[in-house]
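I have placed the structure first, in the form of structure tokens, so that the comments after it can refer back to it.
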Amino acid sequence: MRFELDKALMDDILFYMENQDGDFLLDIQEGCVVDINNHDFDDEPDFEDNERFISIPNWDSGNGYRLMEKFAVSLKNKEIREKLSSALNRNKGVFRAFRDTLDQYPEIEKLWFIFKEQKMKEEVIVWYNALREEWGLEPIGMEPEDNTSLVLEDFCFNDEKSDSSSGKFIITAETADGGNAGTIKAAIVNMVLHIETLEVKPEYRGMGIGKTLLAKIIEKAEEENLDVTIDLPEETDFFKRSLLLENFEPVTQKFIRRK
């Protein structure tokens, strides 16, 4: 009854898990999933034979809905998170509304497909590990998640407007169609590279673009052997973690007396 869960079999199981129009079993002998009501066997096999045929992981519309909920709440982008949550709170047409919302944001849609595949693979691995436990074997590990880096592949980081001779550095994050997703601007002031602007457009936030722009401007500073400074507004407290990870240290506090 033992079998290896290789990539081909994983893909086969994932495909049929989402198909709600058949009754599917894993044929261990052939190493593939079969529809017991629509198959091409020369003779009628015994689908009750548990040594050859076993059920694949259960996946229904309820699982799909809960997965969409998890994805929506996981997004750091507040605007898109709220739109997807609104689509999921409709009385009917939830799945269509969710897809229509994603159609407006191609990069988020790609992130959804990556997220969905990762979570479904985890379901298959849990199922497979339960079988391995029955066989007296050690469980296999989960695949590491790397969603952000896969999405970032869709962006081009352009520094053509930078000019080290004048001490001005501009790096932009461009979408596949040439649109601007984010920008960082810095200038050398008193032998320090000061970040003047770091902006990511609302629809592209939460994808790691800001962190990547920051990392690239730090590379420029290292090439020039310069320290880097940035003024961080109070309302962007969430970005402090990214700065600390890049070895920034808070050195001053700014006070203001308002009128």
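Identifiers in this document derive from the order of the structure tokens: chains are assigned A, B, ..., residues are numbered from 1 separately in each chain, and ligands are numbered from 1 in order of occurrence.
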- Message: Residues of stretch 1-238 of chain A classed as strand (DSSP E or B) by DSSP on the backbone are to be reported as number ranges by chain.
- Response: A: 24-27, 32-35, 53-55, 156-158, 163, 168-174, 180-189, 192-200, 227-230
- Item | Near-A:Ile217 list (10 Å; only C-alpha atoms; drop same-chain fewer than 6 positions) as a list in words |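 Within the cut-off, the hits are Asp159, Phe169, Ile170, Ile171, Ile184, Lys185, Ala186, Leu193, His194, Ile195, Glu223 and Val228 of chain A.
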Written selection (N, CA, C and O atoms) as an mmCIF file, in the first residue's frame:
data_model
loop_
_atom_site.group_PDB
_atom_site.id
_atom_site.type_symbol
_atom_site.label_atom_id
_atom_site.label_comp_id
_atom_site.auth_asym_id
_atom_site.auth_seq_id
_atom_site.Cartn_x
_atom_site.Cartn_y
_atom_site.Cartn_z
ATOM 1 N N ASP A 159 17.096 51.956 -11.304
ATOM 2 C CA ASP A 159 17.846 53.067 -10.700
ATOM 3 C C ASP A 159 18.477 53.960 -11.762
ATOM 4 O O ASP A 159 19.480 54.634 -11.520
ATOM 5 N N PHE A 169 20.040 59.755 -5.469
ATOM 6 C CA PHE A 169 19.711 58.368 -5.793
ATOM 7 C C PHE A 169 18.191 58.200 -5.815
ATOM 8 O O PHE A 169 17.494 58.594 -4.877
ATOM 9 N N ILE A 170 17.706 57.639 -6.910
ATOM 10 C CA ILE A 170 16.271 57.374 -7.066
ATOM 11 C C ILE A 170 16.112 55.950 -7.592
ATOM 12 O O ILE A 170 16.684 55.594 -8.630
ATOM 13 N N ILE A 171 15.353 55.148 -6.897
ATOM 14 C CA ILE A 171 15.081 53.782 -7.328
ATOM 15 C C ILE A 171 13.569 53.601 -7.364
ATOM 16 O O ILE A 171 12.869 53.935 -6.399
ATOM 17 N N ILE A 184 11.890 55.176 -3.935
ATOM 18 C CA ILE A 184 12.714 55.641 -2.831
ATOM 19 C C ILE A 184 13.697 56.663 -3.379
ATOM 20 O O ILE A 184 14.277 56.480 -4.446
ATOM 21 N N LYS A 185 13.825 57.789 -2.662
ATOM 22 C CA LYS A 185 14.745 58.850 -3.059
ATOM 23 C C LYS A 185 15.669 59.153 -1.893
ATOM 24 O O LYS A 185 15.231 59.230 -0.743
ATOM 25 N N ALA A 186 16.945 59.345 -2.192
ATOM 26 C CA ALA A 186 17.926 59.652 -1.153
ATOM 27 C C ALA A 186 18.982 60.593 -1.715
ATOM 28 O O ALA A 186 19.216 60.636 -2.929
ATOM 29 N N LEU A 193 24.026 59.407 3.649
ATOM 30 C CA LEU A 193 22.969 59.220 2.653
ATOM 31 C C LEU A 193 21.626 59.282 3.373
ATOM 32 O O LEU A 193 21.277 58.392 4.152
ATOM 33 N N HIS A 194 20.906 60.361 3.138
ATOM 34 C CA HIS A 194 19.637 60.579 3.824
ATOM 35 C C HIS A 194 18.468 60.190 2.909
ATOM 36 O O HIS A 194 18.363 60.677 1.780
ATOM 37 N N ILE A 195 17.614 59.302 3.392
ATOM 38 C CA ILE A 195 16.435 58.895 2.625
ATOM 39 C C ILE A 195 15.374 59.971 2.775
ATOM 40 O O ILE A 195 14.868 60.237 3.870
ATOM 41 N N GLU A 223 28.193 51.002 -1.255
ATOM 42 C CA GLU A 223 29.129 51.259 -2.357
ATOM 43 C C GLU A 223 29.879 52.571 -2.147
ATOM 44 O O GLU A 223 31.051 52.702 -2.511
ATOM 45 N N VAL A 228 23.443 55.688 6.653
ATOM 46 C CA VAL A 228 22.125 55.990 6.094
ATOM 47 C C VAL A 228 21.218 56.509 7.200
ATOM 48 O O VAL A 228 21.176 55.949 8.300
#
- Could you pull out the residues in stretch 15-258 of chain A that DSSP calls alpha helix (DSSP H) from the backbone, as a ChimeraX atom specification? /A:15-17,61-74,78-88,94-103,106-134,147-152,209-223,240-245
- Message: Give me the residues near A:Lys70 as a PyMOL selection string, where near means some atom within 12 Å (using only C-alpha atoms) and where sequence neighbours in that chain fewer than 3 positions away do not count.
- Response: chain A and resi 63-67+73-75+81+84-85+88+112+115-116+119
Can I get the selected residues back with N, CA and C atoms, as a PDB file, in the first residue's frame?
ATOM      1  N   ASN A  63     -14.245  24.351   2.478  1.00  0.00           N
ATOM      2  CA  ASN A  63     -12.791  24.496   2.596  1.00  0.00           C
ATOM      3  C   ASN A  63     -12.297  25.677   1.765  1.00  0.00           C
ATOM      4  N   GLY A  64     -12.859  25.802   0.549  1.00  0.00           N
ATOM      5  CA  GLY A  64     -12.457  26.895  -0.323  1.00  0.00           C
ATOM      6  C   GLY A  64     -12.794  28.250   0.264  1.00  0.00           C
ATOM      7  N   TYR A  65     -13.979  28.362   0.869  1.00  0.00           N
ATOM      8  CA  TYR A  65     -14.386  29.629   1.466  1.00  0.00           C
ATOM      9  C   TYR A  65     -13.479  29.992   2.640  1.00  0.00           C
ATOM     10  N   ARG A  66     -13.196  29.017   3.502  1.00  0.00           N
ATOM     11  CA  ARG A  66     -12.329  29.291   4.657  1.00  0.00           C
ATOM     12  C   ARG A  66     -10.921  29.684   4.224  1.00  0.00           C
ATOM     13  N   LEU A  67     -10.472  29.117   3.106  1.00  0.00           N
ATOM     14  CA  LEU A  67      -9.148  29.475   2.597  1.00  0.00           C
ATOM     15  C   LEU A  67      -9.133  30.920   2.098  1.00  0.00           C
ATOM     16  N   VAL A  73      -7.612  37.978   5.399  1.00  0.00           N
ATOM     17  CA  VAL A  73      -7.152  38.553   6.670  1.00  0.00           C
ATOM     18  C   VAL A  73      -5.627  38.574   6.769  1.00  0.00           C
ATOM     19  N   SER A  74      -4.943  37.767   5.929  1.00  0.00           N
ATOM     20  CA  SER A  74      -3.479  37.730   5.979  1.00  0.00           C
ATOM     21  C   SER A  74      -2.838  38.900   5.257  1.00  0.00           C
ATOM     22  N   LEU A  75      -3.615  39.591   4.410  1.00  0.00           N
ATOM     23  CA  LEU A  75      -3.053  40.685   3.615  1.00  0.00           C
ATOM     24  C   LEU A  75      -2.727  41.887   4.491  1.00  0.00           C
ATOM     25  N   ARG A  81      -7.573  44.202   1.513  1.00  0.00           N
ATOM     26  CA  ARG A  81      -8.097  43.293   2.545  1.00  0.00           C
ATOM     27  C   ARG A  81      -9.576  43.576   2.809  1.00  0.00           C
ATOM     28  N   LEU A  84     -11.785  42.458  -0.236  1.00  0.00           N
ATOM     29  CA  LEU A  84     -11.983  41.010  -0.296  1.00  0.00           C
ATOM     30  C   LEU A  84     -12.906  40.543   0.824  1.00  0.00           C
ATOM     31  N   SER A  85     -12.771  41.121   2.000  1.00  0.00           N
ATOM     32  CA  SER A  85     -13.649  40.758   3.117  1.00  0.00           C
ATOM     33  C   SER A  85     -15.090  41.118   2.801  1.00  0.00           C
ATOM     34  N   LEU A  88     -16.544  38.573   0.524  1.00  0.00           N
ATOM     35  CA  LEU A  88     -16.830  37.309   1.209  1.00  0.00           C
ATOM     36  C   LEU A  88     -18.044  37.408   2.132  1.00  0.00           C
ATOM     37  N   TRP A 112      -2.546  35.242  -4.335  1.00  0.00           N
ATOM     38  CA  TRP A 112      -3.621  34.335  -3.938  1.00  0.00           C
ATOM     39  C   TRP A 112      -3.386  32.931  -4.471  1.00  0.00           C
ATOM     40  N   PHE A 115      -0.641  31.351  -2.469  1.00  0.00           N
ATOM     41  CA  PHE A 115      -1.152  31.047  -1.125  1.00  0.00           C
ATOM     42  C   PHE A 115      -2.048  29.817  -1.159  1.00  0.00           C
ATOM     43  N   LYS A 116      -2.953  29.789  -2.115  1.00  0.00           N
ATOM     44  CA  LYS A 116      -3.909  28.684  -2.238  1.00  0.00           C
ATOM     45  C   LYS A 116      -3.197  27.361  -2.479  1.00  0.00           C
ATOM     46  N   LYS A 119      -1.326  26.223   0.770  1.00  0.00           N
ATOM     47  CA  LYS A 119      -2.199  25.708   1.816  1.00  0.00           C
ATOM     48  C   LYS A 119      -2.817  24.364   1.436  1.00  0.00           C
TER      49      LYS A 119
END
- Counting only C-alpha atoms, which of A:Asp23, A:Glu107, A:Glu122, A:Glu44 gets nearest to A:Arg205?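 That would be A:Glu107, the residue with the smallest distance to A:Arg205.
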- Message: Using only C-alpha atoms, which protein or nucleic acid residues come within 12 Å of A:Met10? Drop anything in the same chain fewer than 3 positions from it, and give the result as a list in words.
- Response: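 So the residues in contact are Phe3, Glu4, Leu5, Asp6, Lys7, Ile13, Leu14, Phe15, Tyr16, Met17, Leu26, Gly31, Cys32, Val33, Ile56, Pro57, Glu117, Gln118, Met120, Lys121, Glu122, Glu123, Val124, Ile125, Trp127 and Tyr128 of chain A.
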- Query: For the atom pair atom CA of A:Asn190 and atom CA of A:Ala173, what is the interatomic distance in Å to one decimal place?
  - Reply: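 So the answer is 27.5 Å.
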- Task: Just give me the gap between atom CA of A:Lys168 and atom CA of A:Val189 in Å, one decimal is fine.
- Result: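 Answer for the atom CA of A:Lys168 to atom CA of A:Val189 separation: 9.8 Å.
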